[in-house]
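> Hey, dropping coords-v7.cif in here, mmCIF, C-alpha atoms; chains and numbers go by the auth columns:
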```cif
data_target
loop_
_atom_site.group_PDB
_atom_site.id
_atom_site.type_symbol
_atom_site.label_atom_id
_atom_site.label_comp_id
_atom_site.label_asym_id
_atom_site.label_seq_id
_atom_site.Cartn_x
_atom_site.Cartn_y
_atom_site.Cartn_z
_atom_site.B_iso_or_equiv
_atom_site.auth_seq_id
_atom_site.auth_asym_id
ATOM 1 C CA MET A 1 124.464 212.081 93.120 0.00 40 A
ATOM 2 C CA LEU A 2 121.478 209.785 93.283 0.00 41 A
ATOM 3 C CA ASN A 3 120.451 208.712 96.751 0.00 42 A
ATOM 4 C CA LEU A 4 119.135 205.197 97.507 0.00 43 A
ATOM 5 C CA PRO A 5 115.400 206.005 97.213 0.00 44 A
ATOM 6 C CA ASN A 6 115.968 207.648 93.819 0.00 45 A
ATOM 7 C CA LYS A 7 117.997 204.647 92.641 0.00 46 A
ATOM 8 C CA ILE A 8 115.141 202.367 93.699 0.00 47 A
ATOM 9 C CA THR A 9 112.662 204.567 91.806 0.00 48 A
ATOM 10 C CA ILE A 10 114.820 204.432 88.673 0.00 49 A
ATOM 11 C CA SER A 11 115.074 200.654 89.012 0.00 50 A
ATOM 12 C CA ARG A 12 111.255 200.561 88.937 0.00 51 A
ATOM 13 C CA ILE A 13 111.291 202.385 85.605 0.00 52 A
ATOM 14 C CA PHE A 14 113.839 199.917 84.209 0.00 53 A
ATOM 15 C CA LEU A 15 111.721 196.948 85.318 0.00 54 A
ATOM 16 C CA ILE A 16 108.776 198.143 83.195 0.00 55 A
ATOM 17 C CA PRO A 17 110.065 197.043 79.776 0.00 56 A
ATOM 18 C CA LEU A 18 111.314 193.818 81.343 0.00 57 A
ATOM 19 C CA PHE A 19 107.914 192.692 82.614 0.00 58 A
ATOM 20 C CA MET A 20 106.290 193.824 79.361 0.00 59 A
ATOM 21 C CA ILE A 21 108.671 191.644 77.350 0.00 60 A
ATOM 22 C CA PHE A 22 107.665 188.583 79.362 0.00 61 A
ATOM 23 C CA LEU A 23 103.975 189.402 79.017 0.00 62 A
ATOM 24 C CA LEU A 24 103.886 190.348 75.339 0.00 63 A
ATOM 25 C CA VAL A 25 106.619 188.403 73.551 0.00 64 A
ATOM 26 C CA PRO A 26 105.249 184.951 72.644 0.00 65 A
ATOM 27 C CA PHE A 27 107.868 182.909 74.482 0.00 66 A
ATOM 28 C CA SER A 28 107.305 179.150 74.402 0.00 67 A
ATOM 29 C CA PHE A 29 108.276 178.430 77.991 0.00 68 A
ATOM 30 C CA GLY A 30 105.132 176.378 78.497 0.00 69 A
ATOM 31 C CA ASP A 31 102.547 176.615 81.233 0.00 70 A
ATOM 32 C CA VAL A 32 102.414 175.862 84.907 0.00 71 A
ATOM 33 C CA ASN A 33 99.327 174.531 86.689 0.00 72 A
ATOM 34 C CA PHE A 34 98.785 175.849 90.218 0.00 73 A
ATOM 35 C CA LEU A 35 95.678 174.505 91.968 0.00 74 A
ATOM 36 C CA GLY A 36 93.802 174.261 88.678 0.00 75 A
ATOM 37 C CA THR A 37 94.947 177.636 87.349 0.00 76 A
ATOM 38 C CA VAL A 38 96.952 177.385 84.151 0.00 77 A
ATOM 39 C CA ILE A 39 99.434 180.238 83.873 0.00 78 A
ATOM 40 C CA PRO A 40 101.886 180.687 81.005 0.00 79 A
ATOM 41 C CA ILE A 41 105.359 180.686 82.577 0.00 80 A
ATOM 42 C CA ALA A 42 106.221 183.932 80.762 0.00 81 A
ATOM 43 C CA HIS A 43 103.160 185.600 82.349 0.00 82 A
ATOM 44 C CA LEU A 44 104.199 184.277 85.764 0.00 83 A
ATOM 45 C CA ILE A 45 107.678 185.773 85.351 0.00 84 A
ATOM 46 C CA GLY A 46 106.178 189.052 84.118 0.00 85 A
ATOM 47 C CA ALA A 47 103.801 189.159 87.092 0.00 86 A
ATOM 48 C CA ILE A 48 106.636 188.547 89.563 0.00 87 A
ATOM 49 C CA ILE A 49 108.672 191.379 87.996 0.00 88 A
ATOM 50 C CA PHE A 50 105.595 193.667 88.120 0.00 89 A
ATOM 51 C CA ILE A 51 105.013 192.837 91.805 0.00 90 A
ATOM 52 C CA ILE A 52 108.686 193.515 92.636 0.00 91 A
ATOM 53 C CA ALA A 53 108.439 196.859 90.796 0.00 92 A
ATOM 54 C CA ALA A 54 105.244 197.711 92.689 0.00 93 A
ATOM 55 C CA VAL A 55 106.893 196.919 96.037 0.00 94 A
ATOM 56 C CA THR A 56 109.697 199.360 95.207 0.00 95 A
ATOM 57 C CA ASP A 57 107.020 202.078 95.115 0.00 96 A
ATOM 58 C CA PHE A 58 106.436 201.641 98.836 0.00 97 A
ATOM 59 C CA LEU A 59 110.105 201.031 99.640 0.00 98 A
ATOM 60 C CA ASP A 60 111.526 204.190 98.044 0.00 99 A
ATOM 61 C CA GLY A 61 108.986 206.445 99.740 0.00 100 A
ATOM 62 C CA TYR A 62 109.529 204.779 103.112 0.00 101 A
ATOM 63 C CA LEU A 63 113.320 205.146 102.892 0.00 102 A
ATOM 64 C CA ALA A 64 113.114 208.748 101.664 0.00 103 A
ATOM 65 C CA ARG A 65 110.905 209.769 104.604 0.00 104 A
ATOM 66 C CA LYS A 66 112.687 207.703 107.263 0.00 105 A
ATOM 67 C CA TYR A 67 116.169 208.946 106.406 0.00 106 A
ATOM 68 C CA GLN A 68 115.197 212.476 105.289 0.00 107 A
ATOM 69 C CA LEU A 69 116.268 211.735 101.704 0.00 108 A
ATOM 70 C CA VAL A 70 113.357 213.486 100.010 0.00 109 A
ATOM 71 C CA THR A 71 114.597 215.339 96.921 0.00 110 A
ATOM 72 C CA ASN A 72 112.989 217.284 94.086 0.00 111 A
ATOM 73 C CA LEU A 73 114.210 214.579 91.717 0.00 112 A
ATOM 74 C CA GLY A 74 112.429 211.989 93.831 0.00 113 A
ATOM 75 C CA LYS A 75 109.240 214.074 93.909 0.00 114 A
ATOM 76 C CA PHE A 76 109.354 214.139 90.116 0.00 115 A
ATOM 77 C CA LEU A 77 110.463 210.548 89.435 0.00 116 A
ATOM 78 C CA ASP A 78 108.284 208.673 91.947 0.00 117 A
ATOM 79 C CA PRO A 79 104.839 209.636 90.565 0.00 118 A
ATOM 80 C CA LEU A 80 106.199 209.345 87.013 0.00 119 A
ATOM 81 C CA ALA A 81 107.449 205.809 87.697 0.00 120 A
ATOM 82 C CA ASP A 82 104.098 204.880 89.280 0.00 121 A
ATOM 83 C CA LYS A 83 102.109 206.111 86.303 0.00 122 A
ATOM 84 C CA LEU A 84 104.436 204.433 83.802 0.00 123 A
ATOM 85 C CA LEU A 85 104.208 201.145 85.715 0.00 124 A
ATOM 86 C CA ILE A 86 100.406 201.123 85.921 0.00 125 A
ATOM 87 C CA THR A 87 99.909 202.393 82.356 0.00 126 A
ATOM 88 C CA ALA A 88 102.297 199.825 80.878 0.00 127 A
ATOM 89 C CA ALA A 89 100.629 197.005 82.801 0.00 128 A
ATOM 90 C CA LEU A 90 97.133 198.077 81.719 0.00 129 A
ATOM 91 C CA VAL A 91 98.155 198.353 78.056 0.00 130 A
ATOM 92 C CA ALA A 92 99.773 194.900 78.217 0.00 131 A
ATOM 93 C CA LEU A 93 96.635 193.395 79.792 0.00 132 A
ATOM 94 C CA VAL A 94 94.443 194.921 77.079 0.00 133 A
ATOM 95 C CA GLU A 95 96.807 193.505 74.427 0.00 134 A
ATOM 96 C CA LEU A 96 96.512 190.064 76.074 0.00 135 A
ATOM 97 C CA GLN A 97 92.714 190.457 76.127 0.00 136 A
ATOM 98 C CA LEU A 98 92.691 190.042 79.890 0.00 137 A
ATOM 99 C CA LEU A 99 91.239 193.530 80.453 0.00 138 A
ATOM 100 C CA ALA A 100 88.610 195.595 78.679 0.00 139 A
ATOM 101 C CA ALA A 101 90.124 198.630 76.959 0.00 140 A
ATOM 102 C CA TRP A 102 87.533 201.036 78.401 0.00 141 A
ATOM 103 C CA ILE A 103 88.646 200.209 81.955 0.00 142 A
ATOM 104 C CA ALA A 104 92.255 200.924 81.028 0.00 143 A
ATOM 105 C CA ILE A 105 91.191 204.210 79.401 0.00 144 A
ATOM 106 C CA ILE A 106 89.331 205.339 82.550 0.00 145 A
ATOM 107 C CA ILE A 107 92.299 204.585 84.799 0.00 146 A
ATOM 108 C CA ILE A 108 94.901 206.099 82.462 0.00 147 A
ATOM 109 C CA SER A 109 92.757 209.199 81.807 0.00 148 A
ATOM 110 C CA ARG A 110 92.450 209.870 85.529 0.00 149 A
ATOM 111 C CA GLU A 111 96.230 209.624 85.903 0.00 150 A
ATOM 112 C CA PHE A 112 96.814 212.109 83.059 0.00 151 A
ATOM 113 C CA ALA A 113 94.253 214.530 84.500 0.00 152 A
ATOM 114 C CA VAL A 114 95.768 214.399 87.992 0.00 153 A
ATOM 115 C CA THR A 115 99.255 214.855 86.547 0.00 154 A
ATOM 116 C CA GLY A 116 97.999 217.926 84.694 0.00 155 A
ATOM 117 C CA ILE A 117 96.685 219.481 87.892 0.00 156 A
ATOM 118 C CA ARG A 118 99.966 218.685 89.670 0.00 157 A
ATOM 119 C CA LEU A 119 101.897 220.421 86.889 0.00 158 A
ATOM 120 C CA VAL A 120 99.716 223.523 87.153 0.00 159 A
ATOM 121 C CA ALA A 121 100.169 223.523 90.931 0.00 160 A
ATOM 122 C CA ALA A 122 103.936 223.058 90.571 0.00 161 A
ATOM 123 C CA ALA A 123 104.097 226.069 88.242 0.00 162 A
ATOM 124 C CA ASP A 124 102.613 228.088 91.125 0.00 163 A
ATOM 125 C CA GLY A 125 105.089 226.594 93.581 0.00 164 A
ATOM 126 C CA SER A 126 102.550 224.286 95.236 0.00 165 A
ATOM 127 C CA VAL A 127 102.929 220.573 95.885 0.00 166 A
ATOM 128 C CA ILE A 128 99.796 218.439 96.077 0.00 167 A
ATOM 129 C CA ALA A 129 100.238 215.419 98.302 0.00 168 A
ATOM 130 C CA ALA A 130 98.506 212.148 97.530 0.00 169 A
ATOM 131 C CA SER A 131 95.328 211.592 99.555 0.00 170 A
ATOM 132 C CA GLN A 132 94.590 208.450 101.542 0.00 171 A
ATOM 133 C CA LEU A 133 91.945 207.554 98.955 0.00 172 A
ATOM 134 C CA GLY A 134 94.539 208.024 96.205 0.00 173 A
ATOM 135 C CA LYS A 135 96.938 205.694 98.013 0.00 174 A
ATOM 136 C CA LEU A 136 94.175 203.098 98.446 0.00 175 A
ATOM 137 C CA LYS A 137 93.419 203.454 94.722 0.00 176 A
ATOM 138 C CA THR A 138 97.035 202.658 93.881 0.00 177 A
ATOM 139 C CA ILE A 139 97.063 199.586 96.125 0.00 178 A
ATOM 140 C CA THR A 140 93.838 198.229 94.607 0.00 179 A
ATOM 141 C CA GLN A 141 95.181 198.830 91.094 0.00 180 A
ATOM 142 C CA ILE A 142 98.349 196.880 91.898 0.00 181 A
ATOM 143 C CA VAL A 143 96.367 194.010 93.453 0.00 182 A
ATOM 144 C CA ALA A 144 93.937 193.885 90.505 0.00 183 A
ATOM 145 C CA ILE A 145 96.683 194.017 87.880 0.00 184 A
ATOM 146 C CA SER A 146 98.642 191.293 89.689 0.00 185 A
ATOM 147 C CA ALA A 147 95.555 189.077 89.864 0.00 186 A
ATOM 148 C CA LEU A 148 94.893 189.566 86.144 0.00 187 A
ATOM 149 C CA MET A 149 98.505 188.787 85.241 0.00 188 A
ATOM 150 C CA LEU A 150 98.347 185.629 87.361 0.00 189 A
ATOM 151 C CA HIS A 151 95.115 184.534 85.610 0.00 190 A
ATOM 152 C CA ASN A 152 93.166 184.793 88.881 0.00 191 A
ATOM 153 C CA PHE A 153 95.464 182.493 90.854 0.00 192 A
ATOM 154 C CA PRO A 154 94.721 181.195 93.522 0.00 193 A
ATOM 155 C CA PHE A 155 91.051 182.187 93.399 0.00 194 A
ATOM 156 C CA GLN A 156 90.394 180.233 90.213 0.00 195 A
ATOM 157 C CA ALA A 157 90.533 177.059 92.341 0.00 196 A
ATOM 158 C CA ILE A 158 87.342 178.117 94.155 0.00 197 A
ATOM 159 C CA SER A 159 85.711 179.740 91.101 0.00 198 A
ATOM 160 C CA LEU A 160 85.875 183.199 92.679 0.00 199 A
ATOM 161 C CA PRO A 161 86.389 185.895 90.021 0.00 200 A
ATOM 162 C CA PHE A 162 88.684 187.870 92.335 0.00 201 A
ATOM 163 C CA ASP A 163 90.570 189.433 89.425 0.00 202 A
ATOM 164 C CA MET A 164 87.354 190.928 88.007 0.00 203 A
ATOM 165 C CA ILE A 165 86.101 192.042 91.413 0.00 204 A
ATOM 166 C CA ALA A 166 89.479 193.665 92.125 0.00 205 A
ATOM 167 C CA ILE A 167 89.582 195.540 88.812 0.00 206 A
ATOM 168 C CA TRP A 168 86.023 196.803 89.339 0.00 207 A
ATOM 169 C CA VAL A 169 86.961 198.028 92.823 0.00 208 A
ATOM 170 C CA ALA A 170 90.128 199.641 91.443 0.00 209 A
ATOM 171 C CA THR A 171 88.137 201.353 88.679 0.00 210 A
ATOM 172 C CA PHE A 172 85.552 202.612 91.167 0.00 211 A
ATOM 173 C CA LEU A 173 88.255 203.975 93.493 0.00 212 A
ATOM 174 C CA THR A 174 90.030 205.526 90.513 0.00 213 A
ATOM 175 C CA ILE A 175 86.879 207.460 89.616 0.00 214 A
ATOM 176 C CA VAL A 176 86.009 208.427 93.195 0.00 215 A
ATOM 177 C CA SER A 177 89.560 209.489 94.083 0.00 216 A
ATOM 178 C CA GLY A 178 89.727 211.467 90.819 0.00 217 A
ATOM 179 C CA ILE A 179 86.524 213.325 91.707 0.00 218 A
ATOM 180 C CA GLU A 180 87.855 213.973 95.226 0.00 219 A
ATOM 181 C CA TYR A 181 91.128 215.242 93.772 0.00 220 A
ATOM 182 C CA PHE A 182 89.363 217.676 91.432 0.00 221 A
ATOM 183 C CA GLN A 183 87.034 218.925 94.174 0.00 222 A
ATOM 184 C CA LYS A 184 89.893 219.566 96.604 0.00 223 A
ATOM 185 C CA ASN A 185 91.989 221.309 93.974 0.00 224 A
ATOM 186 C CA GLN A 186 89.413 223.171 91.905 0.00 225 A
ATOM 187 C CA HIS A 187 90.887 226.458 93.132 0.00 226 A
ATOM 188 C CA ILE A 188 94.030 225.571 91.174 0.00 227 A
ATOM 189 C CA ILE A 189 92.083 224.663 88.025 0.00 228 A
ATOM 190 C CA PHE A 190 89.895 227.766 87.997 0.00 229 A
ATOM 191 C CA LYS A 191 92.448 230.243 89.335 0.00 230 A
ATOM 192 C CA SER A 192 92.906 233.278 87.106 0.00 231 A
ATOM 193 C CA LYS A 193 96.157 235.217 86.919 0.00 232 A
#
```
Show this structure as structure tokens.


Amino acid sequence: MLNLPNKITISRIFLIPLFMIFLLVPFSFGDVNFLGTVIPIAHLIGAIIFIIAAVTDFLDGYLARKYQLVTNLGKFLDPLADKLLITAALVALVELQLLAAWIAIIIISREFAVTGIRLVAAADGSVIAASQLGKLKTITQIVAISALMLHNFPFQAISLPFDMIAIWVATFLTIVSGIEYFQKNQHIIFKSK
């Protein structure tokens, strides 16, 4: 039986194709103008779905810890759902030419590398918890992706390139947290049997 946190995690996975459809299918819903920022309505809907999916990331973990509902399935699905969500969003933004491909490659590569280390650790019966820097990295990625999807609303009104600043910060934290992760877990990488 799936518990509530696992159901929430699975719902996050199911929201991924939904927000991608709104971002990538050329719907002719028109545009909306918020404080001088023109946003295609389909992108606005996609961004709202992405933000809801991102919020479920915090909700499922909170509920699992609070009500002692942590399961092996949840430990597997939660990071998988996170990586699928971020990767899908980055690929969509590159397709929309709202994000440089090399930034997406850096972020996605770090996620694959960390997943690889986690798999090696799991084979040895170890679980590697996310660091505070890793959690901050995830938050900045979600904020940056949301800002890009919303075409820099509301910061466009004051000509502040918040979306670009946020993605640079997210990229920096992705690199730094990746280096920290490898340093802390190099004993797993270089361990010989």

> Step by step: start from the point (104.8, 185.4, 84.2) in the file's coordinates, keep every protein, DNA or RNA residue that has an atom no farther than 12 Å from it, count all atoms listed in the file, and write the set as a compact mmCIF listing (two decimals) with C-alpha atoms, keeping the file's coordinate frame.


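Below is the file out-v2.txt, written as the result:
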```
# COMPACT_ATOMS: atom_id res chain seq x y z
CA LEU A 57 111.31 193.82 81.34
CA PHE A 58 107.91 192.69 82.61
CA MET A 59 106.29 193.82 79.36
CA ILE A 60 108.67 191.64 77.35
CA PHE A 61 107.66 188.58 79.36
CA LEU A 62 103.98 189.40 79.02
CA LEU A 63 103.89 190.35 75.34
CA VAL A 64 106.62 188.40 73.55
CA PRO A 65 105.25 184.95 72.64
CA PHE A 66 107.87 182.91 74.48
CA SER A 67 107.30 179.15 74.40
CA PHE A 68 108.28 178.43 77.99
CA GLY A 69 105.13 176.38 78.50
CA ASP A 70 102.55 176.62 81.23
CA VAL A 71 102.41 175.86 84.91
CA VAL A 77 96.95 177.38 84.15
CA ILE A 78 99.43 180.24 83.87
CA PRO A 79 101.89 180.69 81.00
CA ILE A 80 105.36 180.69 82.58
CA ALA A 81 106.22 183.93 80.76
CA HIS A 82 103.16 185.60 82.35
CA LEU A 83 104.20 184.28 85.76
CA ILE A 84 107.68 185.77 85.35
CA GLY A 85 106.18 189.05 84.12
CA ALA A 86 103.80 189.16 87.09
CA ILE A 87 106.64 188.55 89.56
CA ILE A 88 108.67 191.38 88.00
CA PHE A 89 105.60 193.67 88.12
CA ILE A 90 105.01 192.84 91.80
CA SER A 185 98.64 191.29 89.69
CA ALA A 186 95.56 189.08 89.86
CA LEU A 187 94.89 189.57 86.14
CA MET A 188 98.50 188.79 85.24
CA LEU A 189 98.35 185.63 87.36
CA HIS A 190 95.12 184.53 85.61
CA PHE A 192 95.46 182.49 90.85
```

> Grab the CA of Leu137 in chain A to CA of Leu172 in chain A distance for me, in Å with one decimal place.

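Pair CA of Leu137 in chain A / CA of Leu172 in chain A returns 25.9 Å.
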
> So that I can see what lies close to range 148-152 of chain A, please list as JSON, numbers by chain the residues with an atom at most 10 Å from it, counting all atoms listed in the file and leaving out residues fewer than 2 positions away in the same chain.

{"A": [118, 121, 122, 123, 125, 126, 142, 143, 144, 145, 146, 154, 155, 156, 157, 158, 213, 214, 216, 217, 218, 220, 221]}

> When you draw a straight line from CA of Gln180 in chain A to CA of Asp117 in chain A, how long is it in Å?

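Answer for the CA of Gln180 in chain A to CA of Asp117 in chain A separation: 16.4 Å.
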
> Determine, counting only C-alpha atoms, which protein, DNA and RNA residues have an atom within 10 Å of an atom of Arg51 in chain A; residues of the same chain fewer than 4 positions away are not included. Present the result as a PyMOL selection string.

chain A and resi 45-47+55-56+88-89+91-96+99+117+120-121+123-124

> Would you please work out which residue, of A:Ile204, A:Thr48, A:Ala161, A:Ile184, is nearest to Gly113 in chain A when using only C-alpha atoms?

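Result for the nearest residue to Gly113 in chain A: A:Thr48.
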